[in-house]
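Structure file data.txt with compact mmCIF, N, CA and C atoms:
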# COMPACT_ATOMS: atom_id res chain seq x y z
N MET A 15 -3.69 -24.55 -1.77
CA MET A 15 -4.90 -23.83 -1.50
C MET A 15 -5.70 -24.58 -0.45
N LYS A 16 -6.41 -23.88 0.35
CA LYS A 16 -7.21 -24.49 1.41
C LYS A 16 -8.56 -24.91 0.86
N LEU A 17 -8.97 -26.13 1.17
CA LEU A 17 -10.23 -26.64 0.66
C LEU A 17 -11.33 -26.61 1.71
N SER A 18 -11.01 -26.71 2.97
CA SER A 18 -12.00 -26.66 4.04
C SER A 18 -11.27 -26.32 5.33
N GLN A 19 -11.98 -26.16 6.40
CA GLN A 19 -11.39 -25.86 7.70
C GLN A 19 -11.52 -27.08 8.60
N PRO A 20 -10.52 -27.74 9.15
CA PRO A 20 -9.18 -27.65 8.61
C PRO A 20 -9.13 -28.45 7.32
N GLY A 21 -8.44 -27.95 6.34
CA GLY A 21 -8.47 -28.60 5.04
C GLY A 21 -7.11 -29.00 4.55
N PRO A 22 -7.11 -30.00 3.72
CA PRO A 22 -5.85 -30.42 3.12
C PRO A 22 -5.42 -29.44 2.04
N GLU A 23 -4.15 -29.36 1.84
CA GLU A 23 -3.63 -28.51 0.78
C GLU A 23 -3.20 -29.40 -0.37
N LEU A 24 -3.90 -29.30 -1.49
CA LEU A 24 -3.59 -30.09 -2.68
C LEU A 24 -2.91 -29.18 -3.69
N LYS A 25 -1.77 -29.62 -4.17
CA LYS A 25 -0.94 -28.82 -5.05
C LYS A 25 -1.49 -28.78 -6.47
N LYS A 26 -1.57 -27.58 -7.03
CA LYS A 26 -1.94 -27.44 -8.43
C LYS A 26 -0.71 -27.77 -9.28
N THR A 27 -0.93 -28.51 -10.35
CA THR A 27 0.16 -28.94 -11.23
C THR A 27 -0.34 -28.88 -12.67
N SER A 28 0.55 -28.51 -13.56
CA SER A 28 0.23 -28.47 -14.99
C SER A 28 0.01 -29.89 -15.52
N ILE A 29 -1.10 -30.07 -16.22
CA ILE A 29 -1.40 -31.38 -16.81
C ILE A 29 -0.36 -31.72 -17.88
N ILE A 30 0.06 -30.74 -18.65
CA ILE A 30 1.09 -30.96 -19.69
C ILE A 30 2.38 -31.47 -19.05
N LEU A 31 2.79 -30.85 -17.94
CA LEU A 31 3.99 -31.29 -17.24
C LEU A 31 3.82 -32.74 -16.75
N MET A 32 2.63 -33.06 -16.26
CA MET A 32 2.38 -34.43 -15.79
C MET A 32 2.49 -35.44 -16.92
N ILE A 33 1.98 -35.10 -18.09
CA ILE A 33 2.06 -35.99 -19.24
C ILE A 33 3.52 -36.20 -19.65
N ILE A 34 4.28 -35.11 -19.67
CA ILE A 34 5.71 -35.20 -20.01
C ILE A 34 6.43 -36.10 -19.00
N LEU A 35 6.17 -35.89 -17.71
CA LEU A 35 6.82 -36.71 -16.68
C LEU A 35 6.43 -38.19 -16.81
N THR A 36 5.19 -38.45 -17.18
CA THR A 36 4.75 -39.83 -17.37
C THR A 36 5.50 -40.49 -18.52
N VAL A 37 5.64 -39.77 -19.63
CA VAL A 37 6.34 -40.31 -20.80
C VAL A 37 7.82 -40.53 -20.47
N VAL A 38 8.45 -39.54 -19.87
CA VAL A 38 9.89 -39.62 -19.56
C VAL A 38 10.19 -40.76 -18.58
N THR A 39 9.28 -41.00 -17.64
CA THR A 39 9.51 -42.04 -16.63
C THR A 39 8.85 -43.37 -16.99
N ALA A 40 8.32 -43.48 -18.19
CA ALA A 40 7.66 -44.71 -18.65
C ALA A 40 6.55 -45.16 -17.70
N GLY A 41 5.81 -44.20 -17.16
CA GLY A 41 4.67 -44.51 -16.30
C GLY A 41 4.96 -44.47 -14.82
N ILE A 42 6.22 -44.45 -14.43
CA ILE A 42 6.57 -44.45 -13.01
C ILE A 42 6.02 -43.21 -12.30
N TYR A 43 5.80 -42.13 -13.03
CA TYR A 43 5.27 -40.92 -12.41
C TYR A 43 3.87 -41.14 -11.84
N TRP A 44 3.06 -42.01 -12.44
CA TRP A 44 1.69 -42.22 -11.96
C TRP A 44 1.64 -42.54 -10.47
N PRO A 45 2.30 -43.60 -9.98
CA PRO A 45 2.23 -43.86 -8.53
C PRO A 45 2.93 -42.78 -7.70
N ILE A 46 3.94 -42.14 -8.26
CA ILE A 46 4.61 -41.05 -7.54
C ILE A 46 3.63 -39.90 -7.31
N TRP A 47 2.77 -39.64 -8.29
CA TRP A 47 1.75 -38.59 -8.14
C TRP A 47 0.90 -38.86 -6.90
N PHE A 48 0.47 -40.10 -6.73
CA PHE A 48 -0.34 -40.46 -5.56
C PHE A 48 0.45 -40.29 -4.27
N LEU A 49 1.69 -40.77 -4.26
CA LEU A 49 2.50 -40.69 -3.05
C LEU A 49 2.73 -39.25 -2.60
N THR A 50 2.93 -38.36 -3.56
CA THR A 50 3.19 -36.95 -3.20
C THR A 50 1.93 -36.22 -2.75
N ARG A 51 0.76 -36.77 -3.01
CA ARG A 51 -0.50 -36.15 -2.61
C ARG A 51 -1.25 -36.95 -1.54
N ARG A 52 -0.69 -38.07 -1.15
CA ARG A 52 -1.36 -38.99 -0.23
C ARG A 52 -1.72 -38.34 1.09
N LYS A 53 -0.82 -37.59 1.68
CA LYS A 53 -1.09 -36.96 2.98
C LYS A 53 -2.29 -36.02 2.88
N ALA A 54 -2.32 -35.17 1.88
CA ALA A 54 -3.43 -34.23 1.71
C ALA A 54 -4.73 -34.97 1.41
N LEU A 55 -4.67 -36.00 0.58
CA LEU A 55 -5.88 -36.77 0.27
C LEU A 55 -6.41 -37.49 1.51
N ASN A 56 -5.52 -38.00 2.33
CA ASN A 56 -5.95 -38.70 3.54
C ASN A 56 -6.50 -37.75 4.60
N MET A 57 -6.21 -36.47 4.48
CA MET A 57 -6.77 -35.48 5.41
C MET A 57 -8.21 -35.11 5.05
N MET A 58 -8.65 -35.48 3.88
CA MET A 58 -10.02 -35.18 3.47
C MET A 58 -10.99 -35.99 4.31
N GLN A 59 -12.19 -35.47 4.45
CA GLN A 59 -13.22 -36.13 5.25
C GLN A 59 -13.84 -37.26 4.42
N SER A 60 -13.25 -38.43 4.59
CA SER A 60 -13.70 -39.61 3.85
C SER A 60 -13.31 -40.85 4.63
N ARG A 61 -14.12 -41.88 4.51
CA ARG A 61 -13.78 -43.16 5.12
C ARG A 61 -12.63 -43.83 4.38
N GLU A 62 -12.50 -43.51 3.08
CA GLU A 62 -11.43 -44.09 2.24
C GLU A 62 -10.10 -43.40 2.56
N LYS A 63 -9.05 -44.16 2.68
CA LYS A 63 -7.70 -43.63 2.90
C LYS A 63 -6.75 -44.37 1.98
N LEU A 64 -5.68 -43.68 1.60
CA LEU A 64 -4.67 -44.27 0.72
C LEU A 64 -3.48 -44.73 1.54
N GLY A 65 -3.05 -45.96 1.30
CA GLY A 65 -1.82 -46.45 1.90
C GLY A 65 -0.67 -46.19 0.94
N SER A 66 0.54 -46.39 1.37
CA SER A 66 1.68 -46.15 0.49
C SER A 66 2.17 -47.44 -0.18
N GLY A 67 1.90 -48.59 0.41
CA GLY A 67 2.42 -49.85 -0.10
C GLY A 67 2.01 -50.17 -1.52
N ILE A 68 0.76 -49.92 -1.85
CA ILE A 68 0.28 -50.23 -3.20
C ILE A 68 1.01 -49.40 -4.25
N PHE A 69 1.37 -48.17 -3.89
CA PHE A 69 2.06 -47.31 -4.85
C PHE A 69 3.53 -47.69 -4.98
N ILE A 70 4.13 -48.12 -3.91
CA ILE A 70 5.51 -48.62 -3.98
C ILE A 70 5.54 -49.89 -4.83
N PHE A 71 4.53 -50.75 -4.65
CA PHE A 71 4.39 -51.95 -5.47
C PHE A 71 4.30 -51.57 -6.95
N ALA A 72 3.48 -50.57 -7.27
CA ALA A 72 3.33 -50.13 -8.67
C ALA A 72 4.64 -49.58 -9.22
N ILE A 73 5.37 -48.82 -8.41
CA ILE A 73 6.66 -48.28 -8.85
C ILE A 73 7.62 -49.42 -9.16
N VAL A 74 7.66 -50.42 -8.29
CA VAL A 74 8.53 -51.58 -8.51
C VAL A 74 8.13 -52.31 -9.80
N LEU A 75 6.83 -52.51 -10.00
CA LEU A 75 6.38 -53.18 -11.23
C LEU A 75 6.73 -52.38 -12.48
N PHE A 76 6.49 -51.06 -12.44
CA PHE A 76 6.86 -50.23 -13.59
C PHE A 76 8.37 -50.31 -13.84
N GLY A 77 9.16 -50.27 -12.76
CA GLY A 77 10.62 -50.33 -12.90
C GLY A 77 11.09 -51.65 -13.49
N ILE A 78 10.56 -52.75 -12.98
CA ILE A 78 10.93 -54.07 -13.50
C ILE A 78 10.49 -54.20 -14.95
N SER A 79 9.29 -53.72 -15.25
CA SER A 79 8.78 -53.76 -16.62
C SER A 79 9.70 -52.99 -17.57
N LEU A 80 10.11 -51.81 -17.13
CA LEU A 80 11.01 -50.99 -17.95
C LEU A 80 12.34 -51.71 -18.17
N PHE A 81 12.91 -52.27 -17.12
CA PHE A 81 14.19 -52.97 -17.21
C PHE A 81 14.10 -54.18 -18.14
N ILE A 82 13.08 -54.99 -17.96
CA ILE A 82 12.91 -56.18 -18.80
C ILE A 82 12.63 -55.77 -20.24
N GLY A 83 11.84 -54.72 -20.43
CA GLY A 83 11.56 -54.22 -21.78
C GLY A 83 12.83 -53.76 -22.48
N LEU A 84 13.71 -53.09 -21.72
CA LEU A 84 14.98 -52.65 -22.31
C LEU A 84 15.85 -53.83 -22.69
N ILE A 85 15.91 -54.84 -21.83
CA ILE A 85 16.70 -56.04 -22.15
C ILE A 85 16.14 -56.71 -23.41
N SER A 86 14.82 -56.84 -23.48
CA SER A 86 14.19 -57.44 -24.64
C SER A 86 14.49 -56.64 -25.91
N GLY A 87 14.43 -55.32 -25.80
CA GLY A 87 14.72 -54.46 -26.94
C GLY A 87 16.16 -54.56 -27.40
N VAL A 88 17.08 -54.61 -26.45
CA VAL A 88 18.50 -54.74 -26.78
C VAL A 88 18.76 -56.09 -27.45
N MET A 89 18.13 -57.12 -26.94
CA MET A 89 18.30 -58.45 -27.55
C MET A 89 17.82 -58.42 -29.00
N GLY A 90 16.70 -57.77 -29.24
CA GLY A 90 16.17 -57.67 -30.60
C GLY A 90 17.08 -56.87 -31.50
N GLU A 91 17.64 -55.77 -30.99
CA GLU A 91 18.56 -54.93 -31.78
C GLU A 91 19.85 -55.66 -32.10
N LEU A 92 20.27 -56.54 -31.23
CA LEU A 92 21.50 -57.30 -31.45
C LEU A 92 21.28 -58.51 -32.37
N GLY A 93 20.07 -58.65 -32.85
CA GLY A 93 19.79 -59.75 -33.77
C GLY A 93 19.35 -61.02 -33.10
N HIS A 94 19.09 -60.97 -31.82
CA HIS A 94 18.64 -62.15 -31.09
C HIS A 94 17.12 -62.16 -31.00
N LYS A 95 16.48 -62.24 -32.13
CA LYS A 95 15.01 -62.25 -32.16
C LYS A 95 14.53 -63.66 -31.84
N SER A 96 14.78 -64.02 -30.61
CA SER A 96 14.47 -65.38 -30.19
C SER A 96 13.15 -65.42 -29.43
N LEU A 97 12.77 -66.60 -29.09
CA LEU A 97 11.59 -66.80 -28.27
C LEU A 97 11.78 -66.14 -26.90
N LEU A 98 13.01 -66.16 -26.39
CA LEU A 98 13.31 -65.53 -25.10
C LEU A 98 13.06 -64.03 -25.17
N ALA A 99 13.55 -63.39 -26.22
CA ALA A 99 13.35 -61.94 -26.37
C ALA A 99 11.87 -61.61 -26.49
N THR A 100 11.15 -62.40 -27.25
CA THR A 100 9.71 -62.19 -27.41
C THR A 100 8.99 -62.41 -26.08
N GLY A 101 9.37 -63.44 -25.37
CA GLY A 101 8.77 -63.74 -24.07
C GLY A 101 9.04 -62.64 -23.05
N LEU A 102 10.28 -62.14 -23.06
CA LEU A 102 10.61 -61.05 -22.14
C LEU A 102 9.79 -59.80 -22.46
N GLY A 103 9.64 -59.52 -23.74
CA GLY A 103 8.83 -58.37 -24.16
C GLY A 103 7.39 -58.51 -23.71
N ALA A 104 6.84 -59.70 -23.85
CA ALA A 104 5.46 -59.95 -23.42
C ALA A 104 5.33 -59.84 -21.91
N PHE A 105 6.29 -60.39 -21.19
CA PHE A 105 6.28 -60.33 -19.73
C PHE A 105 6.37 -58.88 -19.26
N SER A 106 7.20 -58.10 -19.92
CA SER A 106 7.31 -56.68 -19.60
C SER A 106 5.97 -55.98 -19.79
N GLY A 107 5.30 -56.29 -20.87
CA GLY A 107 4.00 -55.69 -21.13
C GLY A 107 2.96 -56.07 -20.08
N ILE A 108 3.00 -57.31 -19.64
CA ILE A 108 2.06 -57.77 -18.61
C ILE A 108 2.32 -57.04 -17.30
N LEU A 109 3.58 -56.93 -16.91
CA LEU A 109 3.91 -56.21 -15.67
C LEU A 109 3.45 -54.75 -15.75
N HIS A 110 3.68 -54.14 -16.90
CA HIS A 110 3.27 -52.75 -17.10
C HIS A 110 1.75 -52.62 -16.99
N ALA A 111 1.03 -53.55 -17.56
CA ALA A 111 -0.43 -53.52 -17.51
C ALA A 111 -0.94 -53.71 -16.09
N VAL A 112 -0.32 -54.57 -15.31
CA VAL A 112 -0.73 -54.78 -13.91
C VAL A 112 -0.49 -53.50 -13.11
N ALA A 113 0.67 -52.87 -13.31
CA ALA A 113 0.97 -51.62 -12.61
C ALA A 113 -0.03 -50.53 -12.99
N ALA A 114 -0.33 -50.43 -14.28
CA ALA A 114 -1.29 -49.42 -14.75
C ALA A 114 -2.68 -49.71 -14.20
N GLY A 115 -3.07 -50.97 -14.14
CA GLY A 115 -4.36 -51.33 -13.57
C GLY A 115 -4.45 -50.98 -12.09
N THR A 116 -3.36 -51.16 -11.38
CA THR A 116 -3.30 -50.78 -9.96
C THR A 116 -3.54 -49.29 -9.81
N VAL A 117 -2.90 -48.50 -10.66
CA VAL A 117 -3.07 -47.05 -10.63
C VAL A 117 -4.51 -46.68 -10.97
N LEU A 118 -5.10 -47.35 -11.93
CA LEU A 118 -6.48 -47.07 -12.31
C LEU A 118 -7.44 -47.32 -11.13
N VAL A 119 -7.26 -48.43 -10.44
CA VAL A 119 -8.10 -48.74 -9.29
C VAL A 119 -7.95 -47.66 -8.21
N GLN A 120 -6.73 -47.23 -7.97
CA GLN A 120 -6.50 -46.20 -6.96
C GLN A 120 -7.07 -44.84 -7.39
N SER A 121 -7.12 -44.59 -8.70
CA SER A 121 -7.73 -43.36 -9.20
C SER A 121 -9.21 -43.31 -8.85
N PHE A 122 -9.87 -44.44 -8.96
CA PHE A 122 -11.28 -44.49 -8.58
C PHE A 122 -11.46 -44.33 -7.07
N LYS A 123 -10.50 -44.80 -6.30
CA LYS A 123 -10.54 -44.61 -4.86
C LYS A 123 -10.44 -43.12 -4.52
N VAL A 124 -9.54 -42.41 -5.19
CA VAL A 124 -9.41 -40.97 -4.98
C VAL A 124 -10.68 -40.26 -5.43
N ARG A 125 -11.27 -40.71 -6.50
CA ARG A 125 -12.54 -40.13 -6.96
C ARG A 125 -13.61 -40.26 -5.86
N ARG A 126 -13.66 -41.42 -5.21
CA ARG A 126 -14.61 -41.61 -4.11
C ARG A 126 -14.28 -40.70 -2.93
N ILE A 127 -12.99 -40.53 -2.64
CA ILE A 127 -12.57 -39.61 -1.57
C ILE A 127 -13.06 -38.20 -1.88
N PHE A 128 -12.83 -37.74 -3.10
CA PHE A 128 -13.29 -36.41 -3.52
C PHE A 128 -14.81 -36.29 -3.36
N HIS A 129 -15.51 -37.29 -3.85
CA HIS A 129 -16.97 -37.24 -3.82
C HIS A 129 -17.47 -37.15 -2.37
N GLU A 130 -16.95 -38.02 -1.51
CA GLU A 130 -17.40 -38.01 -0.13
C GLU A 130 -17.04 -36.71 0.57
N HIS A 131 -15.82 -36.22 0.34
CA HIS A 131 -15.37 -34.99 1.01
C HIS A 131 -16.19 -33.78 0.56
N PHE A 132 -16.28 -33.59 -0.73
CA PHE A 132 -16.92 -32.38 -1.24
C PHE A 132 -18.44 -32.46 -1.25
N ASN A 133 -18.98 -33.56 -1.70
CA ASN A 133 -20.43 -33.65 -1.87
C ASN A 133 -21.17 -34.04 -0.60
N THR A 134 -20.58 -34.89 0.22
CA THR A 134 -21.26 -35.32 1.44
C THR A 134 -20.93 -34.40 2.62
N HIS A 135 -19.65 -34.21 2.91
CA HIS A 135 -19.26 -33.45 4.09
C HIS A 135 -19.36 -31.94 3.89
N LEU A 136 -18.90 -31.44 2.75
CA LEU A 136 -18.96 -30.00 2.51
C LEU A 136 -20.25 -29.59 1.81
N GLN A 137 -21.02 -30.57 1.37
CA GLN A 137 -22.30 -30.36 0.68
C GLN A 137 -22.18 -29.40 -0.50
N ARG A 138 -21.14 -29.62 -1.29
CA ARG A 138 -20.95 -28.89 -2.54
C ARG A 138 -21.31 -29.84 -3.67
N ALA A 139 -21.99 -29.34 -4.65
CA ALA A 139 -22.41 -30.19 -5.78
C ALA A 139 -21.33 -30.19 -6.85
N ILE A 140 -20.34 -31.05 -6.68
CA ILE A 140 -19.25 -31.16 -7.65
C ILE A 140 -19.34 -32.55 -8.28
N SER A 141 -19.36 -32.59 -9.60
CA SER A 141 -19.43 -33.90 -10.27
C SER A 141 -18.03 -34.44 -10.50
N PHE A 142 -17.91 -35.74 -10.38
CA PHE A 142 -16.64 -36.44 -10.60
C PHE A 142 -16.94 -37.59 -11.56
N SER A 143 -16.58 -37.42 -12.81
CA SER A 143 -16.91 -38.35 -13.87
C SER A 143 -16.14 -39.67 -13.77
N GLY A 144 -16.88 -40.77 -13.77
CA GLY A 144 -16.25 -42.08 -13.80
C GLY A 144 -15.59 -42.36 -15.14
N VAL A 145 -16.23 -41.91 -16.23
CA VAL A 145 -15.68 -42.12 -17.57
C VAL A 145 -14.36 -41.36 -17.72
N ALA A 146 -14.35 -40.10 -17.27
CA ALA A 146 -13.11 -39.30 -17.36
C ALA A 146 -12.02 -39.89 -16.47
N THR A 147 -12.41 -40.41 -15.30
CA THR A 147 -11.43 -41.05 -14.42
C THR A 147 -10.84 -42.28 -15.10
N PHE A 148 -11.67 -43.06 -15.76
CA PHE A 148 -11.19 -44.26 -16.44
C PHE A 148 -10.22 -43.92 -17.57
N PHE A 149 -10.57 -42.96 -18.41
CA PHE A 149 -9.75 -42.67 -19.57
C PHE A 149 -8.55 -41.77 -19.29
N PHE A 150 -8.67 -40.88 -18.32
CA PHE A 150 -7.61 -39.90 -18.10
C PHE A 150 -6.89 -40.06 -16.77
N ILE A 151 -7.32 -40.97 -15.95
CA ILE A 151 -6.67 -41.39 -14.71
C ILE A 151 -6.24 -40.18 -13.87
N ILE A 152 -4.95 -40.05 -13.58
CA ILE A 152 -4.48 -38.98 -12.69
C ILE A 152 -4.61 -37.60 -13.33
N TYR A 153 -4.65 -37.55 -14.64
CA TYR A 153 -4.76 -36.25 -15.31
C TYR A 153 -6.12 -35.62 -15.03
N TYR A 154 -7.17 -36.45 -15.02
CA TYR A 154 -8.50 -35.94 -14.69
C TYR A 154 -8.56 -35.52 -13.22
N LEU A 155 -7.99 -36.33 -12.33
CA LEU A 155 -8.00 -35.99 -10.91
C LEU A 155 -7.26 -34.68 -10.67
N GLN A 156 -6.13 -34.50 -11.35
CA GLN A 156 -5.38 -33.26 -11.19
C GLN A 156 -6.15 -32.08 -11.78
N TYR A 157 -6.83 -32.31 -12.87
CA TYR A 157 -7.68 -31.27 -13.47
C TYR A 157 -8.72 -30.80 -12.45
N LYS A 158 -9.34 -31.75 -11.76
CA LYS A 158 -10.33 -31.39 -10.74
C LYS A 158 -9.66 -30.62 -9.59
N ILE A 159 -8.49 -31.07 -9.17
CA ILE A 159 -7.75 -30.37 -8.09
C ILE A 159 -7.45 -28.94 -8.54
N ASN A 160 -7.00 -28.78 -9.77
CA ASN A 160 -6.66 -27.45 -10.27
C ASN A 160 -7.87 -26.52 -10.30
N ARG A 161 -9.06 -27.08 -10.39
CA ARG A 161 -10.28 -26.27 -10.46
C ARG A 161 -10.93 -26.01 -9.10
N PHE A 162 -10.51 -26.72 -8.03
CA PHE A 162 -11.12 -26.51 -6.71
C PHE A 162 -10.86 -25.09 -6.24

Now, as a test, write the supplied structure out as structure tokens.
Amino acid sequence: MKLSQPGPELKKTSIILMIILTVVTAGIYWPIWFLTRRKALNMMQSREKLGSGIFIFAIVLFGISLFIGLISGVMGELGHKSLLATGLGAFSGILHAVAAGTVLVQSFKVRRIFHEHFNTHLQRAISFSGVATFFFIIYYLQYKINRF
């Protein structure tokens, strides 16, 4: 859908589908969501722009976290409940948290892009909740896109 002249085209997507994709990919879908919408978001009238490197970094972290978590889980299932297995599990969790934190920071960047584009340049009074962005991350952003 067109948001302005000339305007970016942001794809409407089912929130339920996004949640399913997030669960199935163990979080890897989050940075992919940004990458697939980056061009349209960067076309918005805002000083803020999204690069691709941070999202590739998050994908790599999620992937490594998933791999290490699987190794840790397999070690535990095989009866090797050692300090190594516990350490690997903890390290996996830390990597996952760093990747998720990266996505959270970028969600607030997109929120600022939306605010500047719609409220400043187009002078439309659209609210963008910081609390909802914090708790629902890309799902809230997509909800707002679906309602534009």

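Straight-line separation from atom N of A:Val74 to atom C of A:Gln59: 28.2 Å.
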
- Query: Using only C-alpha atoms, which residues sit within 12 Å of A:Leu24 once same-chain residues fewer than 6 positions away are excluded, as a list in words?
  - Reply: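 Contacts, in chain order: Met15, Lys16, Leu17, Ser18, Trp47, Phe48, Thr50, Arg51, Arg52, Lys53, Ala54, Leu55, Asn56, Met57, Met58, Phe128, Leu155, Gln156, Tyr157, Lys158, Ile159, Asn160, Arg161 and Phe162 of chain A.
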
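Minimum distance to A:Ala72 across A:Val124, A:Leu97, A:Ile46, A:Met89 (counting only N, CA and C atoms) occurs at A:Ile46.
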
- Message: Please identify the helix (DSSP H, G or I) residues within chain A (assignment by DSSP from backbone atoms) and present them as a ChimeraX atom specification.
- Response: /A:29-38,43-56,67-91,97-135,144-161

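Note that the spacing between atom CA of A:Ser86 and atom CA of A:Thr100 amounts to 7.1 Å.
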
- Which polymer residues have any atom within 9 Å of an atom of A:Gly144, counting only C-alpha atoms, with same-chain residues fewer than 5 positions away left out, as a list of chain:residue names?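 In the requested format, the answer is A:Phe122, A:Arg125, A:Phe149.
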